[in-house]
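One file, work-v3.cif, carrying mmCIF, N, CA and C atoms:
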```
data_protein
loop_
_atom_site.label_atom_id
_atom_site.label_comp_id
_atom_site.auth_asym_id
_atom_site.auth_seq_id
_atom_site.Cartn_x
_atom_site.Cartn_y
_atom_site.Cartn_z
N MET A 1 -54.02 182.48 286.64
CA MET A 1 -53.70 183.84 287.04
C MET A 1 -54.86 184.46 287.83
N LYS A 2 -56.11 184.20 287.40
CA LYS A 2 -57.26 184.76 288.11
C LYS A 2 -57.34 184.22 289.53
N LYS A 3 -57.03 182.93 289.69
CA LYS A 3 -57.07 182.34 291.03
C LYS A 3 -56.02 182.98 291.93
N PHE A 4 -54.85 183.26 291.37
CA PHE A 4 -53.80 183.91 292.15
C PHE A 4 -54.23 185.30 292.60
N ILE A 5 -54.84 186.06 291.68
CA ILE A 5 -55.27 187.42 292.02
C ILE A 5 -56.37 187.37 293.07
N LYS A 6 -57.30 186.44 292.94
CA LYS A 6 -58.36 186.32 293.94
C LYS A 6 -57.78 185.95 295.30
N LEU A 7 -56.83 185.04 295.31
CA LEU A 7 -56.18 184.64 296.56
C LEU A 7 -55.41 185.82 297.16
N LEU A 8 -54.67 186.53 296.32
CA LEU A 8 -53.93 187.70 296.77
C LEU A 8 -54.87 188.74 297.36
N ALA A 9 -55.99 188.97 296.70
CA ALA A 9 -56.98 189.93 297.20
C ALA A 9 -57.51 189.50 298.56
N LYS A 10 -57.82 188.24 298.71
CA LYS A 10 -58.33 187.76 299.99
C LYS A 10 -57.30 187.90 301.10
N VAL A 11 -56.06 187.59 300.79
CA VAL A 11 -54.99 187.71 301.79
C VAL A 11 -54.79 189.18 302.18
N LEU A 12 -54.74 190.08 301.19
CA LEU A 12 -54.57 191.50 301.48
C LEU A 12 -55.74 192.07 302.28
N ILE A 13 -56.95 191.69 301.90
CA ILE A 13 -58.13 192.19 302.61
C ILE A 13 -58.18 191.62 304.02
N ALA A 14 -57.83 190.35 304.18
CA ALA A 14 -57.79 189.77 305.52
C ALA A 14 -56.75 190.48 306.39
N PHE A 15 -55.57 190.71 305.81
CA PHE A 15 -54.52 191.43 306.54
C PHE A 15 -54.99 192.82 306.95
N LEU A 16 -55.59 193.54 306.02
CA LEU A 16 -56.07 194.89 306.31
C LEU A 16 -57.18 194.87 307.36
N GLY A 17 -58.06 193.89 307.29
CA GLY A 17 -59.13 193.77 308.28
C GLY A 17 -58.61 193.49 309.67
N VAL A 18 -57.67 192.56 309.78
CA VAL A 18 -57.06 192.24 311.08
C VAL A 18 -56.30 193.44 311.61
N TRP A 19 -55.58 194.13 310.73
CA TRP A 19 -54.84 195.31 311.16
C TRP A 19 -55.79 196.38 311.70
N CYS A 20 -56.92 196.58 311.03
CA CYS A 20 -57.89 197.59 311.47
C CYS A 20 -58.47 197.24 312.84
N VAL A 21 -58.76 195.97 313.08
CA VAL A 21 -59.27 195.55 314.39
C VAL A 21 -58.21 195.78 315.46
N CYS A 22 -56.98 195.39 315.17
CA CYS A 22 -55.89 195.59 316.14
C CYS A 22 -55.65 197.06 316.44
N ALA A 23 -55.66 197.89 315.40
CA ALA A 23 -55.45 199.33 315.59
C ALA A 23 -56.59 199.95 316.41
N SER A 24 -57.81 199.49 316.16
CA SER A 24 -58.96 200.01 316.91
C SER A 24 -58.89 199.61 318.37
N LEU A 25 -58.60 198.34 318.63
CA LEU A 25 -58.52 197.87 320.02
C LEU A 25 -57.36 198.50 320.77
N SER A 26 -56.22 198.66 320.10
CA SER A 26 -55.08 199.27 320.77
C SER A 26 -55.35 200.74 321.10
N ALA A 27 -56.13 201.42 320.27
CA ALA A 27 -56.47 202.82 320.55
C ALA A 27 -57.29 202.95 321.82
N LEU A 28 -58.11 201.95 322.12
CA LEU A 28 -58.90 201.98 323.35
C LEU A 28 -58.02 201.92 324.59
N TYR A 29 -56.81 201.39 324.45
CA TYR A 29 -55.87 201.28 325.56
C TYR A 29 -54.77 202.33 325.51
N GLY A 30 -54.95 203.35 324.68
CA GLY A 30 -54.00 204.45 324.63
C GLY A 30 -52.74 204.19 323.82
N VAL A 31 -52.76 203.16 323.00
CA VAL A 31 -51.60 202.83 322.16
C VAL A 31 -51.96 203.17 320.72
N SER A 32 -51.12 203.97 320.09
CA SER A 32 -51.34 204.32 318.69
C SER A 32 -50.62 203.33 317.80
N LEU A 33 -51.36 202.79 316.87
CA LEU A 33 -50.79 201.86 315.90
C LEU A 33 -51.10 202.44 314.53
N TYR A 34 -50.05 202.86 313.82
CA TYR A 34 -50.31 203.33 312.48
C TYR A 34 -49.56 202.53 311.45
N PHE A 35 -50.13 202.55 310.29
CA PHE A 35 -49.76 201.63 309.21
C PHE A 35 -48.34 201.83 308.77
N PRO A 36 -47.60 200.78 308.56
CA PRO A 36 -47.99 199.39 308.73
C PRO A 36 -47.78 198.87 310.15
N PHE A 37 -46.63 199.14 310.78
CA PHE A 37 -46.38 198.56 312.11
C PHE A 37 -45.70 199.54 313.06
N TYR A 38 -46.10 200.78 313.05
CA TYR A 38 -45.54 201.76 313.98
C TYR A 38 -46.41 201.77 315.23
N ILE A 39 -45.80 201.47 316.37
CA ILE A 39 -46.53 201.41 317.63
C ILE A 39 -45.94 202.47 318.56
N THR A 40 -46.81 203.32 319.11
CA THR A 40 -46.36 204.34 320.04
C THR A 40 -47.33 204.43 321.21
N ASP A 41 -46.82 204.82 322.37
CA ASP A 41 -47.66 205.02 323.54
C ASP A 41 -47.96 206.50 323.71
N GLY A 42 -49.20 206.87 323.45
CA GLY A 42 -49.64 208.23 323.69
C GLY A 42 -49.14 209.28 322.71
N VAL A 43 -48.36 208.92 321.73
CA VAL A 43 -47.89 209.89 320.75
C VAL A 43 -48.97 210.05 319.68
N GLU A 44 -49.22 211.28 319.32
CA GLU A 44 -50.27 211.53 318.33
C GLU A 44 -49.87 211.03 316.95
N ILE A 45 -50.88 210.68 316.18
CA ILE A 45 -50.66 210.27 314.80
C ILE A 45 -50.22 211.51 314.02
N PRO A 46 -49.27 211.36 313.11
CA PRO A 46 -48.79 212.53 312.35
C PRO A 46 -49.94 213.26 311.63
N TYR A 47 -49.81 214.58 311.60
CA TYR A 47 -50.84 215.43 311.04
C TYR A 47 -51.19 215.06 309.61
N HIS A 48 -50.18 214.77 308.78
CA HIS A 48 -50.47 214.49 307.37
C HIS A 48 -51.30 213.22 307.20
N ARG A 49 -51.14 212.26 308.10
CA ARG A 49 -51.94 211.03 308.02
C ARG A 49 -53.39 211.30 308.45
N LEU A 50 -53.56 212.08 309.50
CA LEU A 50 -54.92 212.44 309.91
C LEU A 50 -55.62 213.25 308.83
N LEU A 51 -54.90 214.16 308.22
CA LEU A 51 -55.47 214.97 307.15
C LEU A 51 -55.86 214.10 305.96
N ALA A 52 -55.03 213.15 305.61
CA ALA A 52 -55.34 212.24 304.49
C ALA A 52 -56.58 211.41 304.80
N LEU A 53 -56.71 210.93 306.03
CA LEU A 53 -57.90 210.18 306.41
C LEU A 53 -59.16 211.04 306.37
N ARG A 54 -59.04 212.26 306.86
CA ARG A 54 -60.19 213.18 306.85
C ARG A 54 -60.64 213.46 305.42
N VAL A 55 -59.70 213.78 304.55
CA VAL A 55 -60.02 214.05 303.15
C VAL A 55 -60.62 212.81 302.49
N THR A 56 -60.08 211.64 302.80
CA THR A 56 -60.61 210.39 302.25
C THR A 56 -62.06 210.17 302.65
N ILE A 57 -62.35 210.36 303.92
CA ILE A 57 -63.73 210.17 304.39
C ILE A 57 -64.66 211.16 303.71
N LEU A 58 -64.27 212.42 303.64
CA LEU A 58 -65.12 213.43 303.02
C LEU A 58 -65.33 213.18 301.53
N LEU A 59 -64.26 212.84 300.82
CA LEU A 59 -64.39 212.59 299.38
C LEU A 59 -65.17 211.31 299.09
N THR A 60 -65.02 210.31 299.93
CA THR A 60 -65.79 209.07 299.74
C THR A 60 -67.27 209.35 299.97
N PHE A 61 -67.58 210.11 301.00
CA PHE A 61 -68.98 210.48 301.24
C PHE A 61 -69.53 211.28 300.06
N ALA A 62 -68.76 212.23 299.56
CA ALA A 62 -69.20 213.03 298.42
C ALA A 62 -69.41 212.16 297.18
N TYR A 63 -68.49 211.23 296.94
CA TYR A 63 -68.58 210.34 295.78
C TYR A 63 -69.85 209.50 295.83
N TYR A 64 -70.11 208.87 296.98
CA TYR A 64 -71.29 208.02 297.07
C TYR A 64 -72.58 208.83 297.16
N SER A 65 -72.51 210.04 297.64
CA SER A 65 -73.69 210.92 297.60
C SER A 65 -74.07 211.21 296.16
N LEU A 66 -73.08 211.60 295.36
CA LEU A 66 -73.35 211.88 293.94
C LEU A 66 -73.80 210.62 293.20
N LYS A 67 -73.17 209.52 293.51
CA LYS A 67 -73.54 208.25 292.87
C LYS A 67 -74.99 207.89 293.21
N TYR A 68 -75.40 208.11 294.44
CA TYR A 68 -76.77 207.84 294.85
C TYR A 68 -77.75 208.75 294.11
N LEU A 69 -77.40 210.02 293.99
CA LEU A 69 -78.28 210.96 293.31
C LEU A 69 -78.43 210.63 291.82
N MET A 70 -77.40 210.07 291.22
CA MET A 70 -77.45 209.75 289.79
C MET A 70 -78.13 208.41 289.52
N SER A 71 -77.90 207.43 290.35
CA SER A 71 -78.50 206.11 290.14
C SER A 71 -78.75 205.44 291.49
N GLU A 72 -79.83 205.84 292.14
CA GLU A 72 -80.07 205.43 293.52
C GLU A 72 -80.34 203.94 293.71
N SER A 73 -80.76 203.25 292.69
CA SER A 73 -81.13 201.85 292.89
C SER A 73 -80.01 200.87 292.60
N ARG A 74 -78.85 201.35 292.28
CA ARG A 74 -77.73 200.46 291.95
C ARG A 74 -77.16 199.80 293.21
N GLN A 75 -76.93 198.50 293.12
CA GLN A 75 -76.40 197.74 294.26
C GLN A 75 -74.91 197.98 294.41
N LEU A 76 -74.46 198.05 295.65
CA LEU A 76 -73.05 198.27 295.95
C LEU A 76 -72.51 197.05 296.67
N TYR A 77 -71.40 196.52 296.19
CA TYR A 77 -70.75 195.40 296.83
C TYR A 77 -69.67 195.92 297.78
N PRO A 78 -69.41 195.21 298.87
CA PRO A 78 -68.39 195.67 299.83
C PRO A 78 -67.01 195.87 299.20
N ILE A 79 -66.65 195.03 298.25
CA ILE A 79 -65.34 195.16 297.61
C ILE A 79 -65.26 196.47 296.82
N GLN A 80 -66.39 196.94 296.28
CA GLN A 80 -66.40 198.21 295.56
C GLN A 80 -66.14 199.36 296.52
N PHE A 81 -66.74 199.30 297.70
CA PHE A 81 -66.52 200.34 298.70
C PHE A 81 -65.06 200.37 299.13
N LEU A 82 -64.49 199.20 299.40
CA LEU A 82 -63.09 199.11 299.79
C LEU A 82 -62.19 199.62 298.67
N ASP A 83 -62.51 199.28 297.44
CA ASP A 83 -61.75 199.74 296.29
C ASP A 83 -61.77 201.27 296.21
N THR A 84 -62.94 201.85 296.39
CA THR A 84 -63.08 203.31 296.35
C THR A 84 -62.27 203.97 297.45
N ILE A 85 -62.38 203.46 298.66
CA ILE A 85 -61.64 204.02 299.80
C ILE A 85 -60.13 203.97 299.55
N LEU A 86 -59.63 202.84 299.08
CA LEU A 86 -58.19 202.70 298.86
C LEU A 86 -57.69 203.65 297.77
N LYS A 87 -58.45 203.79 296.71
CA LYS A 87 -58.05 204.70 295.63
C LYS A 87 -58.04 206.15 296.11
N ILE A 88 -59.10 206.54 296.80
CA ILE A 88 -59.18 207.93 297.28
C ILE A 88 -58.09 208.19 298.32
N TYR A 89 -57.85 207.22 299.21
CA TYR A 89 -56.80 207.41 300.22
C TYR A 89 -55.44 207.57 299.56
N PHE A 90 -55.15 206.72 298.59
CA PHE A 90 -53.85 206.82 297.91
C PHE A 90 -53.69 208.20 297.28
N CYS A 91 -54.69 208.64 296.54
CA CYS A 91 -54.59 209.95 295.86
C CYS A 91 -54.49 211.10 296.85
N SER A 92 -55.33 211.10 297.88
CA SER A 92 -55.30 212.21 298.83
C SER A 92 -54.00 212.21 299.64
N ALA A 93 -53.54 211.04 300.07
CA ALA A 93 -52.29 210.97 300.83
C ALA A 93 -51.10 211.37 299.97
N LEU A 94 -51.12 211.03 298.70
CA LEU A 94 -50.04 211.42 297.79
C LEU A 94 -49.98 212.93 297.63
N VAL A 95 -51.13 213.55 297.38
CA VAL A 95 -51.17 215.01 297.21
C VAL A 95 -50.77 215.71 298.51
N ILE A 96 -51.30 215.25 299.63
CA ILE A 96 -50.97 215.86 300.92
C ILE A 96 -49.50 215.65 301.26
N GLY A 97 -48.99 214.45 300.98
CA GLY A 97 -47.57 214.17 301.23
C GLY A 97 -46.65 215.07 300.43
N ILE A 98 -46.99 215.29 299.17
CA ILE A 98 -46.18 216.17 298.33
C ILE A 98 -46.30 217.61 298.82
N ARG A 99 -47.52 218.02 299.12
CA ARG A 99 -47.76 219.40 299.55
C ARG A 99 -47.06 219.72 300.87
N LEU A 100 -47.08 218.77 301.81
CA LEU A 100 -46.48 219.00 303.13
C LEU A 100 -45.03 218.52 303.21
N GLU A 101 -44.50 218.01 302.11
CA GLU A 101 -43.11 217.55 302.03
C GLU A 101 -42.77 216.56 303.15
N VAL A 102 -43.52 215.45 303.18
CA VAL A 102 -43.28 214.43 304.20
C VAL A 102 -42.06 213.59 303.82
N ALA A 103 -41.60 212.79 304.76
CA ALA A 103 -40.42 211.95 304.55
C ALA A 103 -40.66 210.92 303.45
N ALA A 104 -39.60 210.52 302.79
CA ALA A 104 -39.70 209.55 301.69
C ALA A 104 -40.26 208.21 302.16
N SER A 105 -40.03 207.85 303.41
CA SER A 105 -40.55 206.58 303.93
C SER A 105 -42.07 206.54 303.93
N GLU A 106 -42.70 207.70 304.05
CA GLU A 106 -44.17 207.76 304.00
C GLU A 106 -44.68 207.37 302.62
N PHE A 107 -43.92 207.68 301.59
CA PHE A 107 -44.34 207.33 300.23
C PHE A 107 -44.20 205.84 299.98
N MET A 108 -43.31 205.17 300.71
CA MET A 108 -43.19 203.72 300.59
C MET A 108 -44.46 203.04 301.10
N VAL A 109 -45.04 203.58 302.15
CA VAL A 109 -46.30 203.05 302.67
C VAL A 109 -47.40 203.23 301.63
N LEU A 110 -47.36 204.35 300.92
CA LEU A 110 -48.37 204.60 299.88
C LEU A 110 -48.27 203.61 298.74
N ILE A 111 -47.09 203.12 298.46
CA ILE A 111 -46.94 202.11 297.41
C ILE A 111 -47.71 200.85 297.79
N LEU A 112 -47.70 200.48 299.06
CA LEU A 112 -48.47 199.33 299.51
C LEU A 112 -49.97 199.57 299.32
N PHE A 113 -50.43 200.79 299.66
CA PHE A 113 -51.83 201.11 299.44
C PHE A 113 -52.19 201.10 297.95
N LEU A 114 -51.27 201.54 297.12
CA LEU A 114 -51.51 201.50 295.67
C LEU A 114 -51.65 200.06 295.19
N LEU A 115 -50.78 199.17 295.67
CA LEU A 115 -50.89 197.76 295.29
C LEU A 115 -52.22 197.16 295.75
N MET A 116 -52.65 197.49 296.96
CA MET A 116 -53.94 197.00 297.44
C MET A 116 -55.08 197.56 296.60
N ALA A 117 -54.98 198.83 296.20
CA ALA A 117 -56.02 199.43 295.36
C ALA A 117 -56.08 198.76 293.99
N ILE A 118 -54.93 198.42 293.44
CA ILE A 118 -54.90 197.74 292.13
C ILE A 118 -55.55 196.36 292.24
N VAL A 119 -55.20 195.64 293.29
CA VAL A 119 -55.76 194.29 293.46
C VAL A 119 -57.27 194.36 293.67
N THR A 120 -57.74 195.26 294.52
CA THR A 120 -59.19 195.36 294.75
C THR A 120 -59.91 195.85 293.49
N HIS A 121 -59.26 196.66 292.69
CA HIS A 121 -59.87 197.10 291.43
C HIS A 121 -60.06 195.91 290.48
N VAL A 122 -59.05 195.09 290.38
CA VAL A 122 -59.14 193.92 289.49
C VAL A 122 -60.22 192.96 289.99
N VAL A 123 -60.25 192.72 291.29
CA VAL A 123 -61.21 191.78 291.84
C VAL A 123 -62.64 192.31 291.77
N SER A 124 -62.82 193.62 291.81
CA SER A 124 -64.18 194.18 291.83
C SER A 124 -64.75 194.43 290.44
N ARG A 125 -64.04 194.01 289.40
CA ARG A 125 -64.57 194.18 288.04
C ARG A 125 -65.88 193.42 287.89
N PRO A 126 -66.77 193.89 287.02
CA PRO A 126 -68.09 193.26 286.86
C PRO A 126 -68.06 191.77 286.53
N LYS A 127 -67.13 191.31 285.70
CA LYS A 127 -67.07 189.88 285.36
C LYS A 127 -66.85 189.04 286.60
N LEU A 128 -65.92 189.44 287.42
CA LEU A 128 -65.62 188.67 288.62
C LEU A 128 -66.76 188.74 289.62
N ARG A 129 -67.40 189.91 289.75
CA ARG A 129 -68.52 190.03 290.67
C ARG A 129 -69.67 189.13 290.24
N ARG A 130 -69.97 189.09 288.94
CA ARG A 130 -71.04 188.23 288.46
C ARG A 130 -70.71 186.77 288.76
N PHE A 131 -69.46 186.40 288.62
CA PHE A 131 -69.05 185.04 288.91
C PHE A 131 -69.31 184.71 290.38
N TYR A 132 -68.91 185.61 291.29
CA TYR A 132 -69.10 185.36 292.71
C TYR A 132 -70.59 185.34 293.05
N TYR A 133 -71.34 186.27 292.47
CA TYR A 133 -72.76 186.36 292.78
C TYR A 133 -73.49 185.09 292.34
N SER A 134 -73.22 184.63 291.12
CA SER A 134 -73.92 183.45 290.63
C SER A 134 -73.45 182.19 291.34
N LYS A 135 -72.19 182.15 291.72
CA LYS A 135 -71.64 180.97 292.38
C LYS A 135 -72.22 180.78 293.77
N PHE A 136 -72.37 181.88 294.51
CA PHE A 136 -72.79 181.78 295.89
C PHE A 136 -74.27 182.05 296.12
N SER A 137 -75.00 182.42 295.09
CA SER A 137 -76.41 182.73 295.28
C SER A 137 -77.29 181.49 295.18
N ASP A 138 -76.74 180.37 294.77
CA ASP A 138 -77.54 179.13 294.63
C ASP A 138 -77.86 178.52 295.96
#
```
Mind turning the file's structure into C-alpha cells?
Amino acid sequence: MKKFIKLLAKVLIAFLGVWCVCASLSALYGVSLYFPFYITDGVEIPYHRLLALRVTILLTFAYYSLKYLMSESRQLYPIQFLDTILKIYFCSALVIGIRLEVAASEFMVLILFLLMAIVTHVVSRPKLRRFYYSKFSD
C-alpha cells in the first residue's frame, strides 16, 4: 500500500508540474490555460480563481513567516511546501467559491485538489521523509 501511495504521489506531482510548465508557457503566448484543461485565447481567468490564488499566496507566506519566527532552524522539504500550498488553496477556494456562489463544476475541480492534498500529506509524514532522507543520503 505504501508503494502505491508513493507512486500515486509521484504521478500526481509530475502531472501538476508538467501542467504548471504548460500553463506558464502558454501564458507567454497569450493563451490562458486553467485547471484542469480549459484553454482560452485572451479570455481572462475567472475572478474567483484569481482571488483564491491571491489568498493562497498570502496565507502561505504568512504561515511560513510565523513558522520561521517560531522555529527558524527547522528544515523544510519541497513536499511539505507543496502540501501546504494544496491545503491552503483547497480551503481558500472552497470558502471563496461558497461566498461567491460559483458553478458546481468549479467544486469538482476542488475535489481533485483535495485528493492531491491528501496524497501529499500522507507522503510528507515524518516516517516517510526519514525513509527517503536516509535512503538517498548515502
Exercise. Using only C-alpha atoms, which of A:Lys10, A:Lys3, A:Lys87, A:His48 sits nearest Leu112 (chain A)?
Worked result: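 The shortest atom-to-atom distance to Leu112 (chain A) comes from A:Lys87.
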Exercise. Mind pulling up the distance from CA of Leu86 (chain A) to atom C of Ala117 (chain A)?
Worked result: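 Rounded to one decimal, the two atoms are 6.6 Å apart.
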Seminar exercise, completed: Among A:Ala62, A:Ile79, A:Val21, A:Leu33, Val123 (chain A) is approached most closely, using only N, CA and C atoms, by A:Ile79
Problem set entry | Among listed residues A:Ala93, A:Ile111, A:Ile118, A:Ile5, nearest Leu51 (chain A) (using all atoms listed in the file) |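 Result for the nearest residue to Leu51 (chain A): A:Ala93.
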For this session: Enumerate, as a list in words, the protein, DNA and RNA residues whose atoms approach (-62.1, 196.4, 291.8) to within 6.5 Å, taking into account only N, CA and C atoms and the coordinate frame of the file.
Result: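 Protein, DNA and RNA residues close to (-62.1, 196.4, 291.8): Ile79, Gln80, Asp83, Val119, Thr120, His121, Val122, Val123, Ser124 and Arg125 of chain A.
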Exercise. For Leu59 (chain A), which residue among A:Val109, A:Leu100, A:Ile88, A:Leu115 is the nearest when counting only C-alpha atoms?
Worked result: A:Ile88
For this session: Give as an MDAnalysis selection string the residues that the PyMOL selection byres ((chain A and resi 89) around 8) matches when applied to the coordinates above.
Result: chainID A and resid 52:53 55:57 60 83:88 90:95 110 113:114
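Note that the spacing between CA of Ile96 (chain A) and CA of Cys20 (chain A) amounts to 22.2 Å.
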For this session: Run DSSP on the backbone and grab whatever in region 44-95 of chain A lands in alpha helix (DSSP H); send it over as a VMD selection string.
Result: chain A and resid 47 to 70 78 to 95
Exercise. Nearest to Ser32 (chain A) among A:Lys2, A:Glu44, A:Glu106, A:Tyr77, with distances taken over only N, CA and C atoms: which residue is it?
Worked result: A:Glu44
Exercise. Could you pull out all residues of region 16-133 of chain A with a DSSP call of strand (DSSP E or B) and give them as a ChimeraX atom specification?
Worked result: /A:31-34,38-41
Exercise. Do you have the atom N of Leu58 (chain A)-atom N of Gly97 (chain A) distance handy?
Worked result: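 Result for atom N of Leu58 (chain A) versus atom N of Gly97 (chain A): 15.6 Å, one decimal.
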Give me the box for region 16-23 of chain A as JSON, namely the centre and edge lengths in Å to one decimal of a box along x, y and z that holds every listed atom plus 6 Å on each side.
```
{"center_x": -57.1, "center_y": 196.1, "center_z": 311.2, "size_x": 16.4, "size_y": 19.7, "size_z": 22.4}
```
Output: region 105-114 of chain A of the preceding structure, restricted to all heavy atoms, written as a PDB file, in the first residue's frame.
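Produced file out-v7.pdb, reproduced below:
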```
ATOM      1  N   SER A 105     -19.532  22.940 -11.113  1.00  0.00           N
ATOM      2  CA  SER A 105     -18.383  22.323 -11.788  1.00  0.00           C
ATOM      3  C   SER A 105     -17.059  22.789 -11.195  1.00  0.00           C
ATOM      4  O   SER A 105     -16.066  22.061 -11.235  1.00  0.00           O
ATOM      5  CB  SER A 105     -18.425  22.614 -13.282  1.00  0.00           C
ATOM      6  OG  SER A 105     -18.346  24.007 -13.516  1.00  0.00           O
ATOM      7  N   GLU A 106     -17.037  23.996 -10.649  1.00  0.00           N
ATOM      8  CA  GLU A 106     -15.817  24.502 -10.007  1.00  0.00           C
ATOM      9  C   GLU A 106     -15.489  23.692  -8.761  1.00  0.00           C
ATOM     10  O   GLU A 106     -14.326  23.510  -8.424  1.00  0.00           O
ATOM     11  CB  GLU A 106     -15.970  25.982  -9.649  1.00  0.00           C
ATOM     12  CG  GLU A 106     -16.025  26.897 -10.839  1.00  0.00           C
ATOM     13  CD  GLU A 106     -14.705  26.971 -11.592  1.00  0.00           C
ATOM     14  OE1 GLU A 106     -13.628  26.943 -10.966  1.00  0.00           O
ATOM     15  OE2 GLU A 106     -14.753  27.043 -12.835  1.00  0.00           O
ATOM     16  N   PHE A 107     -16.501  23.194  -8.080  1.00  0.00           N
ATOM     17  CA  PHE A 107     -16.262  22.397  -6.876  1.00  0.00           C
ATOM     18  C   PHE A 107     -15.740  21.013  -7.233  1.00  0.00           C
ATOM     19  O   PHE A 107     -15.042  20.391  -6.440  1.00  0.00           O
ATOM     20  CB  PHE A 107     -17.532  22.312  -6.019  1.00  0.00           C
ATOM     21  CG  PHE A 107     -17.899  23.632  -5.407  1.00  0.00           C
ATOM     22  CD1 PHE A 107     -18.959  24.368  -5.908  1.00  0.00           C
ATOM     23  CD2 PHE A 107     -17.187  24.146  -4.343  1.00  0.00           C
ATOM     24  CE1 PHE A 107     -19.302  25.584  -5.358  1.00  0.00           C
ATOM     25  CE2 PHE A 107     -17.505  25.365  -3.783  1.00  0.00           C
ATOM     26  CZ  PHE A 107     -18.569  26.089  -4.286  1.00  0.00           C
ATOM     27  N   MET A 108     -16.033  20.528  -8.435  1.00  0.00           N
ATOM     28  CA  MET A 108     -15.478  19.254  -8.880  1.00  0.00           C
ATOM     29  C   MET A 108     -13.964  19.360  -9.038  1.00  0.00           C
ATOM     30  O   MET A 108     -13.226  18.429  -8.723  1.00  0.00           O
ATOM     31  CB  MET A 108     -16.108  18.819 -10.213  1.00  0.00           C
ATOM     32  CG  MET A 108     -17.579  18.501 -10.132  1.00  0.00           C
ATOM     33  SD  MET A 108     -17.847  17.116  -9.029  1.00  0.00           S
ATOM     34  CE  MET A 108     -19.214  17.718  -8.084  1.00  0.00           C
ATOM     35  N   VAL A 109     -13.500  20.494  -9.523  1.00  0.00           N
ATOM     36  CA  VAL A 109     -12.061  20.727  -9.644  1.00  0.00           C
ATOM     37  C   VAL A 109     -11.425  20.733  -8.259  1.00  0.00           C
ATOM     38  O   VAL A 109     -10.329  20.206  -8.063  1.00  0.00           O
ATOM     39  CB  VAL A 109     -11.782  22.050 -10.396  1.00  0.00           C
ATOM     40  CG1 VAL A 109     -10.313  22.390 -10.383  1.00  0.00           C
ATOM     41  CG2 VAL A 109     -12.304  21.966 -11.820  1.00  0.00           C
ATOM     42  N   LEU A 110     -12.132  21.292  -7.287  1.00  0.00           N
ATOM     43  CA  LEU A 110     -11.603  21.328  -5.920  1.00  0.00           C
ATOM     44  C   LEU A 110     -11.460  19.935  -5.325  1.00  0.00           C
ATOM     45  O   LEU A 110     -10.569  19.703  -4.507  1.00  0.00           O
ATOM     46  CB  LEU A 110     -12.498  22.185  -5.018  1.00  0.00           C
ATOM     47  CG  LEU A 110     -12.334  23.685  -5.163  1.00  0.00           C
ATOM     48  CD1 LEU A 110     -13.235  24.408  -4.185  1.00  0.00           C
ATOM     49  CD2 LEU A 110     -10.902  24.095  -4.964  1.00  0.00           C
ATOM     50  N   ILE A 111     -12.301  19.019  -5.728  1.00  0.00           N
ATOM     51  CA  ILE A 111     -12.180  17.640  -5.235  1.00  0.00           C
ATOM     52  C   ILE A 111     -10.847  17.051  -5.685  1.00  0.00           C
ATOM     53  O   ILE A 111     -10.176  16.356  -4.910  1.00  0.00           O
ATOM     54  CB  ILE A 111     -13.375  16.788  -5.705  1.00  0.00           C
ATOM     55  CG1 ILE A 111     -14.644  17.242  -4.966  1.00  0.00           C
ATOM     56  CG2 ILE A 111     -13.119  15.307  -5.482  1.00  0.00           C
ATOM     57  CD1 ILE A 111     -15.913  16.611  -5.458  1.00  0.00           C
ATOM     58  N   LEU A 112     -10.422  17.358  -6.900  1.00  0.00           N
ATOM     59  CA  LEU A 112      -9.129  16.890  -7.376  1.00  0.00           C
ATOM     60  C   LEU A 112      -7.990  17.484  -6.537  1.00  0.00           C
ATOM     61  O   LEU A 112      -7.049  16.787  -6.171  1.00  0.00           O
ATOM     62  CB  LEU A 112      -8.953  17.230  -8.854  1.00  0.00           C
ATOM     63  CG  LEU A 112      -7.687  16.731  -9.517  1.00  0.00           C
ATOM     64  CD1 LEU A 112      -7.562  15.210  -9.410  1.00  0.00           C
ATOM     65  CD2 LEU A 112      -7.664  17.149 -10.965  1.00  0.00           C
ATOM     66  N   PHE A 113      -8.099  18.787  -6.221  1.00  0.00           N
ATOM     67  CA  PHE A 113      -7.086  19.406  -5.372  1.00  0.00           C
ATOM     68  C   PHE A 113      -7.092  18.797  -3.966  1.00  0.00           C
ATOM     69  O   PHE A 113      -6.042  18.643  -3.356  1.00  0.00           O
ATOM     70  CB  PHE A 113      -7.291  20.922  -5.288  1.00  0.00           C
ATOM     71  CG  PHE A 113      -6.700  21.654  -6.444  1.00  0.00           C
ATOM     72  CD1 PHE A 113      -7.502  22.161  -7.447  1.00  0.00           C
ATOM     73  CD2 PHE A 113      -5.336  21.836  -6.549  1.00  0.00           C
ATOM     74  CE1 PHE A 113      -6.962  22.835  -8.524  1.00  0.00           C
ATOM     75  CE2 PHE A 113      -4.772  22.506  -7.621  1.00  0.00           C
ATOM     76  CZ  PHE A 113      -5.591  23.002  -8.611  1.00  0.00           C
ATOM     77  N   LEU A 114      -8.262  18.457  -3.466  1.00  0.00           N
ATOM     78  CA  LEU A 114      -8.339  17.801  -2.160  1.00  0.00           C
ATOM     79  C   LEU A 114      -7.645  16.447  -2.187  1.00  0.00           C
ATOM     80  O   LEU A 114      -6.884  16.111  -1.269  1.00  0.00           O
ATOM     81  CB  LEU A 114      -9.797  17.644  -1.721  1.00  0.00           C
ATOM     82  CG  LEU A 114     -10.020  16.889  -0.409  1.00  0.00           C
ATOM     83  CD1 LEU A 114      -9.371  17.628   0.753  1.00  0.00           C
ATOM     84  CD2 LEU A 114     -11.503  16.677  -0.170  1.00  0.00           C
TER      85      LEU A 114
END
```
